[in-house]
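Structure file coords_20.cif with mmCIF, C-alpha atoms; chains and numbers go by the auth columns:
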data_target
loop_
_atom_site.group_PDB
_atom_site.id
_atom_site.type_symbol
_atom_site.label_atom_id
_atom_site.label_comp_id
_atom_site.label_asym_id
_atom_site.label_seq_id
_atom_site.Cartn_x
_atom_site.Cartn_y
_atom_site.Cartn_z
_atom_site.B_iso_or_equiv
_atom_site.auth_seq_id
_atom_site.auth_asym_id
ATOM 1 C CA MET A 1 -84.199 64.333 -97.895 0.00 1 A
ATOM 2 C CA ALA A 2 -80.699 65.380 -96.794 0.00 2 A
ATOM 3 C CA SER A 3 -81.972 68.674 -95.407 0.00 3 A
ATOM 4 C CA LEU A 4 -84.740 66.852 -93.568 0.00 4 A
ATOM 5 C CA MET A 5 -82.139 64.512 -92.064 0.00 5 A
ATOM 6 C CA GLU A 6 -80.042 67.471 -90.922 0.00 6 A
ATOM 7 C CA ASP A 7 -83.140 69.086 -89.458 0.00 7 A
ATOM 8 C CA LEU A 8 -84.027 65.850 -87.629 0.00 8 A
ATOM 9 C CA LEU A 9 -80.521 65.472 -86.208 0.00 9 A
ATOM 10 C CA ASP A 10 -80.551 69.146 -85.195 0.00 10 A
ATOM 11 C CA VAL A 11 -83.866 68.895 -83.335 0.00 11 A
ATOM 12 C CA LEU A 12 -82.788 65.651 -81.655 0.00 12 A
ATOM 13 C CA GLY A 13 -79.565 67.343 -80.538 0.00 13 A
ATOM 14 C CA LYS A 14 -81.552 70.253 -79.093 0.00 14 A
ATOM 15 C CA GLU A 15 -83.859 67.822 -77.298 0.00 15 A
ATOM 16 C CA GLU A 16 -80.875 66.043 -75.786 0.00 16 A
ATOM 17 C CA GLN A 17 -79.437 69.385 -74.603 0.00 17 A
ATOM 18 C CA GLN A 18 -82.788 70.275 -73.046 0.00 18 A
ATOM 19 C CA TYR A 19 -82.903 66.939 -71.232 0.00 19 A
ATOM 20 C CA GLN A 20 -79.366 67.593 -69.972 0.00 20 A
ATOM 21 C CA GLU A 21 -80.606 70.922 -68.614 0.00 21 A
ATOM 22 C CA LEU A 22 -83.492 69.107 -66.902 0.00 22 A
ATOM 23 C CA ILE A 23 -80.975 66.724 -65.333 0.00 23 A
ATOM 24 C CA GLU A 24 -79.016 69.694 -64.002 0.00 24 A
ATOM 25 C CA LEU A 25 -82.238 71.188 -62.635 0.00 25 A
ATOM 26 C CA GLY A 26 -83.068 67.806 -61.066 0.00 26 A
ATOM 27 C CA GLU A 27 -79.713 67.812 -59.285 0.00 27 A
ATOM 28 C CA ARG A 28 -80.407 71.316 -57.981 0.00 28 A
ATOM 29 C CA LYS A 29 -83.871 70.182 -56.899 0.00 29 A
ATOM 30 C CA LYS A 30 -82.343 67.281 -55.002 0.00 30 A
ATOM 31 C CA GLN A 31 -80.018 69.626 -53.131 0.00 31 A
ATOM 32 C CA ALA A 32 -82.895 72.025 -52.402 0.00 32 A
ATOM 33 C CA VAL A 33 -84.983 69.200 -50.946 0.00 33 A
ATOM 34 C CA ILE A 34 -82.076 67.942 -48.851 0.00 34 A
ATOM 35 C CA LYS A 35 -81.425 71.441 -47.498 0.00 35 A
ATOM 36 C CA ALA A 36 -85.168 72.179 -47.184 0.00 36 A
ATOM 37 C CA ASP A 37 -84.613 75.382 -49.208 0.00 37 A
ATOM 38 C CA ILE A 38 -88.145 76.254 -50.291 0.00 38 A
ATOM 39 C CA LYS A 39 -87.167 79.327 -52.330 0.00 39 A
ATOM 40 C CA ALA A 40 -84.590 77.367 -54.331 0.00 40 A
ATOM 41 C CA LEU A 41 -87.144 74.591 -54.842 0.00 41 A
ATOM 42 C CA GLU A 42 -89.691 77.100 -56.174 0.00 42 A
ATOM 43 C CA GLN A 43 -87.106 78.537 -58.586 0.00 43 A
ATOM 44 C CA VAL A 44 -86.060 75.098 -59.829 0.00 44 A
ATOM 45 C CA THR A 45 -89.687 74.096 -60.333 0.00 45 A
ATOM 46 C CA ALA A 46 -90.351 77.242 -62.382 0.00 46 A
ATOM 47 C CA ASN A 47 -87.250 76.555 -64.497 0.00 47 A
ATOM 48 C CA GLU A 48 -88.390 72.960 -65.009 0.00 48 A
ATOM 49 C CA GLY A 49 -91.721 74.228 -66.308 0.00 49 A
ATOM 50 C CA GLU A 50 -89.951 76.440 -68.842 0.00 50 A
ATOM 51 C CA ALA A 51 -87.686 73.573 -69.936 0.00 51 A
ATOM 52 C CA ALA A 52 -90.694 71.270 -70.316 0.00 52 A
ATOM 53 C CA SER A 53 -92.368 73.858 -72.529 0.00 53 A
ATOM 54 C CA VAL A 54 -89.270 74.070 -74.745 0.00 54 A
ATOM 55 C CA LEU A 55 -89.163 70.260 -74.894 0.00 55 A
ATOM 56 C CA GLN A 56 -92.795 70.144 -75.985 0.00 56 A
ATOM 57 C CA ASN A 57 -92.047 72.583 -78.813 0.00 57 A
ATOM 58 C CA LEU A 58 -89.030 70.504 -79.869 0.00 58 A
ATOM 59 C CA ALA A 59 -91.118 67.312 -79.814 0.00 59 A
ATOM 60 C CA ASN A 60 -93.706 68.979 -82.049 0.00 60 A
ATOM 61 C CA HIS A 61 -90.942 70.075 -84.423 0.00 61 A
ATOM 62 C CA ARG A 62 -89.478 66.552 -84.462 0.00 62 A
ATOM 63 C CA ASN A 63 -92.889 65.091 -85.300 0.00 63 A
ATOM 64 C CA ARG A 64 -93.329 67.570 -88.173 0.00 64 A
ATOM 65 C CA VAL A 65 -89.914 66.616 -89.568 0.00 65 A
ATOM 66 C CA LEU A 66 -90.721 62.900 -89.262 0.00 66 A
ATOM 67 C CA ASN A 67 -94.064 63.476 -91.010 0.00 67 A
ATOM 68 C CA ASP A 68 -92.271 65.335 -93.820 0.00 68 A
ATOM 69 C CA MET A 69 -89.816 62.429 -94.110 0.00 69 A
ATOM 70 C CA ALA A 70 -92.741 60.000 -94.238 0.00 70 A
ATOM 71 C CA THR A 71 -94.273 61.990 -97.092 0.00 71 A
ATOM 72 C CA VAL A 72 -90.977 61.944 -99.021 0.00 72 A
ATOM 73 C CA LEU A 73 -90.663 58.187 -98.462 0.00 73 A
ATOM 74 C CA GLY A 74 -94.285 57.556 -99.459 0.00 74 A
ATOM 75 C CA LYS A 75 -95.283 56.413 -95.977 0.00 75 A
ATOM 76 C CA GLU A 76 -98.209 57.465 -93.825 0.00 76 A
ATOM 77 C CA PRO A 77 -97.491 60.530 -91.639 0.00 77 A
ATOM 78 C CA GLY A 78 -97.285 59.464 -88.012 0.00 78 A
ATOM 79 C CA GLU A 79 -96.089 56.019 -89.025 0.00 79 A
ATOM 80 C CA VAL A 80 -92.396 56.914 -89.267 0.00 80 A
ATOM 81 C CA THR A 81 -90.377 56.798 -86.040 0.00 81 A
ATOM 82 C CA ILE A 82 -86.677 57.268 -85.337 0.00 82 A
ATOM 83 C CA THR A 83 -86.197 53.492 -85.194 0.00 83 A
ATOM 84 C CA LYS A 84 -87.998 53.002 -88.508 0.00 84 A
ATOM 85 C CA MET A 85 -85.935 55.815 -90.054 0.00 85 A
ATOM 86 C CA ILE A 86 -82.776 53.991 -89.009 0.00 86 A
ATOM 87 C CA GLY A 87 -84.073 50.969 -90.889 0.00 87 A
ATOM 88 C CA TYR A 88 -84.952 53.051 -93.963 0.00 88 A
ATOM 89 C CA LEU A 89 -81.403 54.461 -94.093 0.00 89 A
ATOM 90 C CA LYS A 90 -79.634 51.160 -94.826 0.00 90 A
ATOM 91 C CA GLY A 91 -78.349 52.576 -98.119 0.00 91 A
ATOM 92 C CA GLN A 92 -76.895 55.629 -96.356 0.00 92 A
ATOM 93 C CA PRO A 93 -74.607 54.296 -93.607 0.00 93 A
ATOM 94 C CA GLN A 94 -73.252 57.698 -92.479 0.00 94 A
ATOM 95 C CA GLU A 95 -76.696 59.186 -91.859 0.00 95 A
ATOM 96 C CA GLN A 96 -77.847 55.922 -90.352 0.00 96 A
ATOM 97 C CA GLN A 97 -74.905 55.888 -87.923 0.00 97 A
ATOM 98 C CA LYS A 98 -75.510 59.526 -86.912 0.00 98 A
ATOM 99 C CA LEU A 99 -79.155 58.735 -86.211 0.00 99 A
ATOM 100 C CA ILE A 100 -78.246 55.602 -84.234 0.00 100 A
ATOM 101 C CA GLU A 101 -75.760 57.573 -82.107 0.00 101 A
ATOM 102 C CA MET A 102 -78.277 60.359 -81.476 0.00 102 A
ATOM 103 C CA LYS A 103 -80.967 57.836 -80.503 0.00 103 A
ATOM 104 C CA GLU A 104 -78.614 56.068 -78.080 0.00 104 A
ATOM 105 C CA LYS A 105 -77.532 59.400 -76.599 0.00 105 A
ATOM 106 C CA LEU A 106 -81.170 60.412 -76.067 0.00 106 A
ATOM 107 C CA LEU A 107 -82.022 57.044 -74.516 0.00 107 A
ATOM 108 C CA PHE A 108 -79.044 57.256 -72.143 0.00 108 A
ATOM 109 C CA THR A 109 -79.984 60.799 -71.117 0.00 109 A
ATOM 110 C CA GLY A 110 -83.616 59.745 -70.638 0.00 110 A
ATOM 111 C CA LYS A 111 -82.616 56.857 -68.366 0.00 111 A
ATOM 112 C CA LYS A 112 -80.386 59.175 -66.356 0.00 112 A
ATOM 113 C CA MET A 113 -83.234 61.643 -65.978 0.00 113 A
ATOM 114 C CA THR A 114 -85.669 58.884 -64.981 0.00 114 A
ATOM 115 C CA THR A 115 -83.300 57.675 -62.261 0.00 115 A
ATOM 116 C CA LEU A 116 -82.844 61.206 -60.929 0.00 116 A
ATOM 117 C CA ASN A 117 -86.602 61.809 -60.921 0.00 117 A
ATOM 118 C CA GLN A 118 -87.151 58.592 -58.965 0.00 118 A
ATOM 119 C CA GLN A 119 -84.536 59.659 -56.419 0.00 119 A
ATOM 120 C CA ASN A 120 -86.177 63.066 -56.074 0.00 120 A
ATOM 121 C CA GLU A 121 -89.577 61.426 -55.653 0.00 121 A
ATOM 122 C CA VAL A 122 -88.236 59.308 -52.785 0.00 122 A
ATOM 123 C CA LEU A 123 -86.582 62.356 -51.193 0.00 123 A
ATOM 124 C CA LEU A 124 -89.776 64.393 -51.429 0.00 124 A
ATOM 125 C CA ARG A 125 -91.820 61.556 -49.945 0.00 125 A
ATOM 126 C CA GLN A 126 -89.350 61.262 -47.056 0.00 126 A
ATOM 127 C CA ALA A 127 -89.413 65.027 -46.543 0.00 127 A
ATOM 128 C CA MET A 128 -93.209 64.936 -46.360 0.00 128 A
ATOM 129 C CA GLU A 129 -93.084 62.082 -43.863 0.00 129 A
ATOM 130 C CA MET A 130 -90.624 64.078 -41.759 0.00 130 A
ATOM 131 C CA VAL A 131 -92.911 67.116 -41.811 0.00 131 A
ATOM 132 C CA GLU A 132 -95.841 64.915 -40.777 0.00 132 A
ATOM 133 C CA PHE A 133 -93.744 63.432 -37.964 0.00 133 A
ATOM 134 C CA ASP A 134 -92.741 66.913 -36.778 0.00 134 A
ATOM 135 C CA LEU A 135 -96.359 68.067 -36.790 0.00 135 A
ATOM 136 C CA THR A 136 -97.456 65.014 -34.831 0.00 136 A
ATOM 137 C CA LEU A 137 -94.662 65.587 -32.348 0.00 137 A
ATOM 138 C CA LEU A 138 -95.629 69.247 -31.895 0.00 138 A
ATOM 139 C CA LYS A 139 -99.278 68.313 -31.418 0.00 139 A
ATOM 140 C CA SER A 140 -98.413 65.708 -28.809 0.00 140 A
ATOM 141 C CA MET A 141 -96.180 68.163 -26.951 0.00 141 A
ATOM 142 C CA ARG A 142 -99.067 70.637 -26.671 0.00 142 A
ATOM 143 C CA GLN A 143 -101.468 68.052 -25.278 0.00 143 A
ATOM 144 C CA ALA A 144 -101.536 67.473 -21.565 0.00 144 A
ATOM 145 C CA PRO A 145 -100.579 64.003 -20.375 0.00 145 A
ATOM 146 C CA GLU A 146 -103.237 61.685 -19.064 0.00 146 A
ATOM 147 C CA THR A 147 -103.475 61.087 -15.330 0.00 147 A
ATOM 148 C CA ALA A 148 -103.283 57.663 -13.810 0.00 148 A
ATOM 149 C CA ASN A 149 -106.832 57.870 -12.469 0.00 149 A
ATOM 150 C CA TYR A 150 -108.936 54.717 -12.498 0.00 150 A
ATOM 151 C CA ASN A 151 -112.658 54.227 -12.074 0.00 151 A
ATOM 152 C CA LYS A 152 -114.426 51.572 -9.960 0.00 152 A
ATOM 153 C CA ARG A 153 -113.897 48.870 -12.591 0.00 153 A
ATOM 154 C CA ALA A 154 -110.134 49.523 -12.767 0.00 154 A
ATOM 155 C CA TYR A 155 -110.280 51.222 -16.158 0.00 155 A
ATOM 156 C CA MET A 156 -108.328 54.380 -16.858 0.00 156 A
ATOM 157 C CA THR A 157 -110.570 57.386 -16.922 0.00 157 A
ATOM 158 C CA GLY A 158 -108.379 59.231 -19.427 0.00 158 A
ATOM 159 C CA ASP A 159 -108.480 62.473 -17.446 0.00 159 A
ATOM 160 C CA LEU A 160 -106.016 65.085 -18.623 0.00 160 A
ATOM 161 C CA LEU A 161 -103.873 67.229 -16.425 0.00 161 A
ATOM 162 C CA GLY A 162 -104.580 70.928 -16.636 0.00 162 A
ATOM 163 C CA GLY A 163 -102.587 72.597 -19.379 0.00 163 A
ATOM 164 C CA SER A 164 -103.035 76.153 -18.080 0.00 164 A
ATOM 165 C CA GLY A 165 -99.905 76.267 -15.946 0.00 165 A
ATOM 166 C CA PHE A 166 -100.446 77.108 -12.259 0.00 166 A
ATOM 167 C CA ASP A 167 -103.691 76.627 -10.389 0.00 167 A
ATOM 168 C CA ALA A 168 -102.805 79.149 -7.706 0.00 168 A
ATOM 169 C CA LYS A 169 -105.666 81.133 -6.160 0.00 169 A
ATOM 170 C CA GLN A 170 -105.283 84.789 -5.526 0.00 170 A
#
For the structure just supplied, provide its representation as structure tokens.
Amino acid sequence: MASLMEDLLDVLGKEEQQYQELIELGERKKQAVIKADIKALEQVTANEGEAASVLQNLANHRNRVLNDMATVLGKEPGEVTITKMIGYLKGQPQEQQKLIEMKEKLLFTGKKMTTLNQQNEVLLRQAMEMVEFDLTLLKSMRQAPETANYNKRAYMTGDLLGGSGFDAKQ
């Protein structure tokens, strides 16, 4: 059981490090969005994909370790969680404390990452709105203005001025 506990703490530590790396990538993503640096954004996104893959592997490893611990404790695999393990370790205060600290560290890092992701989501939404505004502005600049021509009933006809430049005859 002691080796399983060490393995669990090790995988949780690696997960926390990977989440820290994702936070760093999120900060770089934020700067790339602010600067509108598409190449940097592409690179960060690719790195995030790699980090997510590593995290998935670590999560699978953690679940295997927890299932092994459940088997040793005579519990159903899939039933044992980190929180339940903390409860099972009442007779081993040192291991229990290490697991509590690791859980709190992971939760803190997860909250930090969630906040950063929400900020990046808002920034990306604003960037998209700005692009849409710029496109609308460019479209309106290319359209000719309407004339102030009215028909017999005093309604605007909506005629457009010529957009071809000069109407000079040669």
(request) For each of A:Leu4, A:Val72, A:Val131, A:Leu12, take the minimum atom-to-atom distance to Leu107 of chain A, counting only C-alpha atoms, then give the residue where this is smallest. (result) A:Leu12
(request) Run the PyMOL selection byres ((chain A and resi 113) around 8) against the file shown and list the residues it catches, as an MDAnalysis selection string. (result) chainID A and resid 19 22:23 26 109:112 114:117
(message) Nearest residue to Glu15 of chain A out of A:Glu79, A:Arg62, A:Leu124, A:Lys29, using all atoms listed in the file?
(response) A:Arg62
(request) Step by step: start from the point (-93.2, 58.9, -96.7) in the file's coordinates, keep every protein, DNA or RNA residue that has an atom no farther than 12 Å from it, count all atoms listed in the file, and write the set as a ChimeraX atom specification. (result) /A:1,65-81,84-85,88
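Here atom CA of Val122 of chain A and atom CA of Val33 of chain A stand 10.6 Å from one another.
Our summary of the geometry notes that atom CA of Asn120 of chain A is positioned 21.9 Å from atom CA of Val54 of chain A.
Considering the residues A:Leu25, A:Val11, A:Ala127, A:Leu89 and counting all atoms listed in the file, Asn60 of chain A has its shortest atom-to-atom contact with A:Val11.
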(request) For atom CA of Thr83 of chain A and atom CA of Ala2 of chain A, quote the distance in Å rounded to one decimal. (result) 17.5 Å
(message) Counting only C-alpha atoms, which residue out of A:Asp37, A:Glu95, A:Glu121, A:Ile100 sits closest to Ile82 of chain A?
(response) A:Ile100
Anything within 9 Å of (-86.3, 71.3, -71.0): list those residues as a short mmCIF file (atom, residue, chain, number, x, y, z; two decimals) with C-alpha atoms, keeping the file's coordinate frame, counting all atoms listed in the file and sticking to the file's coordinates.
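Resulting contents of point_28.cif:
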data_model
loop_
_atom_site.label_atom_id
_atom_site.label_comp_id
_atom_site.auth_asym_id
_atom_site.auth_seq_id
_atom_site.Cartn_x
_atom_site.Cartn_y
_atom_site.Cartn_z
CA GLU A 15 -83.86 67.82 -77.30
CA GLU A 16 -80.88 66.04 -75.79
CA GLN A 17 -79.44 69.39 -74.60
CA GLN A 18 -82.79 70.28 -73.05
CA TYR A 19 -82.90 66.94 -71.23
CA GLN A 20 -79.37 67.59 -69.97
CA GLU A 21 -80.61 70.92 -68.61
CA LEU A 22 -83.49 69.11 -66.90
CA ASN A 47 -87.25 76.56 -64.50
CA GLU A 48 -88.39 72.96 -65.01
CA GLY A 49 -91.72 74.23 -66.31
CA GLU A 50 -89.95 76.44 -68.84
CA ALA A 51 -87.69 73.57 -69.94
CA ALA A 52 -90.69 71.27 -70.32
CA SER A 53 -92.37 73.86 -72.53
CA VAL A 54 -89.27 74.07 -74.74
CA LEU A 55 -89.16 70.26 -74.89
CA GLN A 56 -92.80 70.14 -75.98
#
Segment 27-131 of chain A written out with C-alpha atoms as a PDB file, in the first residue's frame:
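Generated output (decode-v2.pdb):
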ATOM      1  CA  GLU A  27      -0.775  33.512 -19.984  1.00  0.00           C
ATOM      2  CA  ARG A  28       1.101  33.358 -23.288  1.00  0.00           C
ATOM      3  CA  LYS A  29      -2.208  32.868 -25.096  1.00  0.00           C
ATOM      4  CA  LYS A  30      -3.611  35.943 -23.387  1.00  0.00           C
ATOM      5  CA  GLN A  31      -0.661  38.032 -24.546  1.00  0.00           C
ATOM      6  CA  ALA A  32      -0.950  36.622 -28.080  1.00  0.00           C
ATOM      7  CA  VAL A  33      -4.634  37.550 -28.233  1.00  0.00           C
ATOM      8  CA  ILE A  34      -3.956  41.037 -26.891  1.00  0.00           C
ATOM      9  CA  LYS A  35      -1.195  41.580 -29.457  1.00  0.00           C
ATOM     10  CA  ALA A  36      -3.202  39.831 -32.208  1.00  0.00           C
ATOM     11  CA  ASP A  37      -0.170  37.586 -32.864  1.00  0.00           C
ATOM     12  CA  ILE A  38      -1.711  34.738 -34.845  1.00  0.00           C
ATOM     13  CA  LYS A  39       1.510  32.718 -35.172  1.00  0.00           C
ATOM     14  CA  ALA A  40       2.126  32.808 -31.417  1.00  0.00           C
ATOM     15  CA  LEU A  41      -1.513  31.854 -30.830  1.00  0.00           C
ATOM     16  CA  GLU A  42      -1.165  28.857 -33.162  1.00  0.00           C
ATOM     17  CA  GLN A  43       1.995  27.730 -31.345  1.00  0.00           C
ATOM     18  CA  VAL A  44       0.391  28.089 -27.915  1.00  0.00           C
ATOM     19  CA  THR A  45      -2.672  26.162 -29.065  1.00  0.00           C
ATOM     20  CA  ALA A  46      -0.489  23.317 -30.361  1.00  0.00           C
ATOM     21  CA  ASN A  47       1.421  23.238 -27.058  1.00  0.00           C
ATOM     22  CA  GLU A  48      -1.872  23.184 -25.150  1.00  0.00           C
ATOM     23  CA  GLY A  49      -2.955  20.152 -27.156  1.00  0.00           C
ATOM     24  CA  GLU A  50       0.247  18.327 -26.227  1.00  0.00           C
ATOM     25  CA  ALA A  51      -0.154  19.255 -22.550  1.00  0.00           C
ATOM     26  CA  ALA A  52      -3.771  18.070 -22.588  1.00  0.00           C
ATOM     27  CA  SER A  53      -2.641  14.740 -24.014  1.00  0.00           C
ATOM     28  CA  VAL A  54      -0.063  14.343 -21.231  1.00  0.00           C
ATOM     29  CA  LEU A  55      -2.741  15.254 -18.673  1.00  0.00           C
ATOM     30  CA  GLN A  56      -5.066  12.606 -20.079  1.00  0.00           C
ATOM     31  CA  ASN A  57      -2.331   9.980 -19.717  1.00  0.00           C
ATOM     32  CA  LEU A  58      -1.664  11.103 -16.135  1.00  0.00           C
ATOM     33  CA  ALA A  59      -5.386  10.956 -15.317  1.00  0.00           C
ATOM     34  CA  ASN A  60      -5.532   7.401 -16.664  1.00  0.00           C
ATOM     35  CA  HIS A  61      -2.507   6.482 -14.548  1.00  0.00           C
ATOM     36  CA  ARG A  62      -4.090   8.071 -11.462  1.00  0.00           C
ATOM     37  CA  ASN A  63      -7.288   6.089 -12.022  1.00  0.00           C
ATOM     38  CA  ARG A  64      -5.308   2.838 -12.334  1.00  0.00           C
ATOM     39  CA  VAL A  65      -3.502   3.581  -9.063  1.00  0.00           C
ATOM     40  CA  LEU A  66      -6.794   4.403  -7.321  1.00  0.00           C
ATOM     41  CA  ASN A  67      -8.316   1.169  -8.657  1.00  0.00           C
ATOM     42  CA  ASP A  68      -5.310  -0.784  -7.347  1.00  0.00           C
ATOM     43  CA  MET A  69      -5.744   0.918  -3.959  1.00  0.00           C
ATOM     44  CA  ALA A  70      -9.439   0.015  -4.003  1.00  0.00           C
ATOM     45  CA  THR A  71      -8.545  -3.626  -4.633  1.00  0.00           C
ATOM     46  CA  VAL A  72      -6.070  -3.621  -1.725  1.00  0.00           C
ATOM     47  CA  LEU A  73      -8.687  -2.032   0.545  1.00  0.00           C
ATOM     48  CA  GLY A  74     -11.395  -4.463  -0.578  1.00  0.00           C
ATOM     49  CA  LYS A  75     -13.460  -1.747  -2.248  1.00  0.00           C
ATOM     50  CA  GLU A  76     -14.993  -1.646  -5.703  1.00  0.00           C
ATOM     51  CA  PRO A  77     -12.640  -0.263  -8.394  1.00  0.00           C
ATOM     52  CA  GLY A  78     -13.870   3.139  -9.508  1.00  0.00           C
ATOM     53  CA  GLU A  79     -15.417   3.764  -6.111  1.00  0.00           C
ATOM     54  CA  VAL A  80     -12.266   5.128  -4.464  1.00  0.00           C
ATOM     55  CA  THR A  81     -11.532   8.834  -4.946  1.00  0.00           C
ATOM     56  CA  ILE A  82      -8.841  11.099  -3.521  1.00  0.00           C
ATOM     57  CA  THR A  83     -11.294  12.427  -0.927  1.00  0.00           C
ATOM     58  CA  LYS A  84     -12.310   8.911   0.110  1.00  0.00           C
ATOM     59  CA  MET A  85      -8.636   7.898   0.303  1.00  0.00           C
ATOM     60  CA  ILE A  86      -8.030  10.778   2.698  1.00  0.00           C
ATOM     61  CA  GLY A  87     -10.788   9.358   4.873  1.00  0.00           C
ATOM     62  CA  TYR A  88      -9.355   5.827   4.671  1.00  0.00           C
ATOM     63  CA  LEU A  89      -5.945   7.082   5.851  1.00  0.00           C
ATOM     64  CA  LYS A  90      -7.051   8.183   9.334  1.00  0.00           C
ATOM     65  CA  GLY A  91      -4.627   5.693  10.893  1.00  0.00           C
ATOM     66  CA  GLN A  92      -1.724   7.084   8.849  1.00  0.00           C
ATOM     67  CA  PRO A  93      -1.619  10.836   9.543  1.00  0.00           C
ATOM     68  CA  GLN A  94       1.576  11.559   7.556  1.00  0.00           C
ATOM     69  CA  GLU A  95       0.265  10.017   4.336  1.00  0.00           C
ATOM     70  CA  GLN A  96      -3.124  11.557   4.966  1.00  0.00           C
ATOM     71  CA  GLN A  97      -1.585  15.025   5.374  1.00  0.00           C
ATOM     72  CA  LYS A  98       0.496  14.636   2.189  1.00  0.00           C
ATOM     73  CA  LEU A  99      -2.622  13.651   0.261  1.00  0.00           C
ATOM     74  CA  ILE A 100      -4.619  16.552   1.725  1.00  0.00           C
ATOM     75  CA  GLU A 101      -1.876  19.028   0.761  1.00  0.00           C
ATOM     76  CA  MET A 102      -1.627  17.611  -2.765  1.00  0.00           C
ATOM     77  CA  LYS A 103      -5.414  17.766  -3.195  1.00  0.00           C
ATOM     78  CA  GLU A 104      -5.529  21.390  -2.016  1.00  0.00           C
ATOM     79  CA  LYS A 105      -2.624  22.292  -4.299  1.00  0.00           C
ATOM     80  CA  LEU A 106      -4.397  20.705  -7.279  1.00  0.00           C
ATOM     81  CA  LEU A 107      -7.668  22.455  -6.439  1.00  0.00           C
ATOM     82  CA  PHE A 108      -5.919  25.829  -6.137  1.00  0.00           C
ATOM     83  CA  THR A 109      -4.132  25.314  -9.459  1.00  0.00           C
ATOM     84  CA  GLY A 110      -7.396  24.219 -11.095  1.00  0.00           C
ATOM     85  CA  LYS A 111      -9.203  27.346  -9.890  1.00  0.00           C
ATOM     86  CA  LYS A 112      -6.358  29.512 -11.159  1.00  0.00           C
ATOM     87  CA  MET A 113      -6.520  27.805 -14.536  1.00  0.00           C
ATOM     88  CA  THR A 114     -10.313  28.163 -14.686  1.00  0.00           C
ATOM     89  CA  THR A 115     -10.058  31.899 -14.009  1.00  0.00           C
ATOM     90  CA  LEU A 116      -7.402  32.321 -16.694  1.00  0.00           C
ATOM     91  CA  ASN A 117      -9.467  30.344 -19.207  1.00  0.00           C
ATOM     92  CA  GLN A 118     -12.493  32.539 -18.503  1.00  0.00           C
ATOM     93  CA  GLN A 119     -10.389  35.661 -19.041  1.00  0.00           C
ATOM     94  CA  ASN A 120      -9.058  34.272 -22.314  1.00  0.00           C
ATOM     95  CA  GLU A 121     -12.585  33.392 -23.418  1.00  0.00           C
ATOM     96  CA  VAL A 122     -13.702  36.985 -22.822  1.00  0.00           C
ATOM     97  CA  LEU A 123     -10.641  38.332 -24.660  1.00  0.00           C
ATOM     98  CA  LEU A 124     -11.246  36.055 -27.636  1.00  0.00           C
ATOM     99  CA  ARG A 125     -14.915  37.032 -27.771  1.00  0.00           C
ATOM    100  CA  GLN A 126     -13.955  40.721 -27.707  1.00  0.00           C
ATOM    101  CA  ALA A 127     -11.340  40.147 -30.404  1.00  0.00           C
ATOM    102  CA  MET A 128     -13.963  38.476 -32.589  1.00  0.00           C
ATOM    103  CA  GLU A 129     -16.365  41.358 -32.020  1.00  0.00           C
ATOM    104  CA  MET A 130     -13.617  43.796 -33.003  1.00  0.00           C
ATOM    105  CA  VAL A 131     -12.920  41.855 -36.198  1.00  0.00           C
TER     106      VAL A 131
END
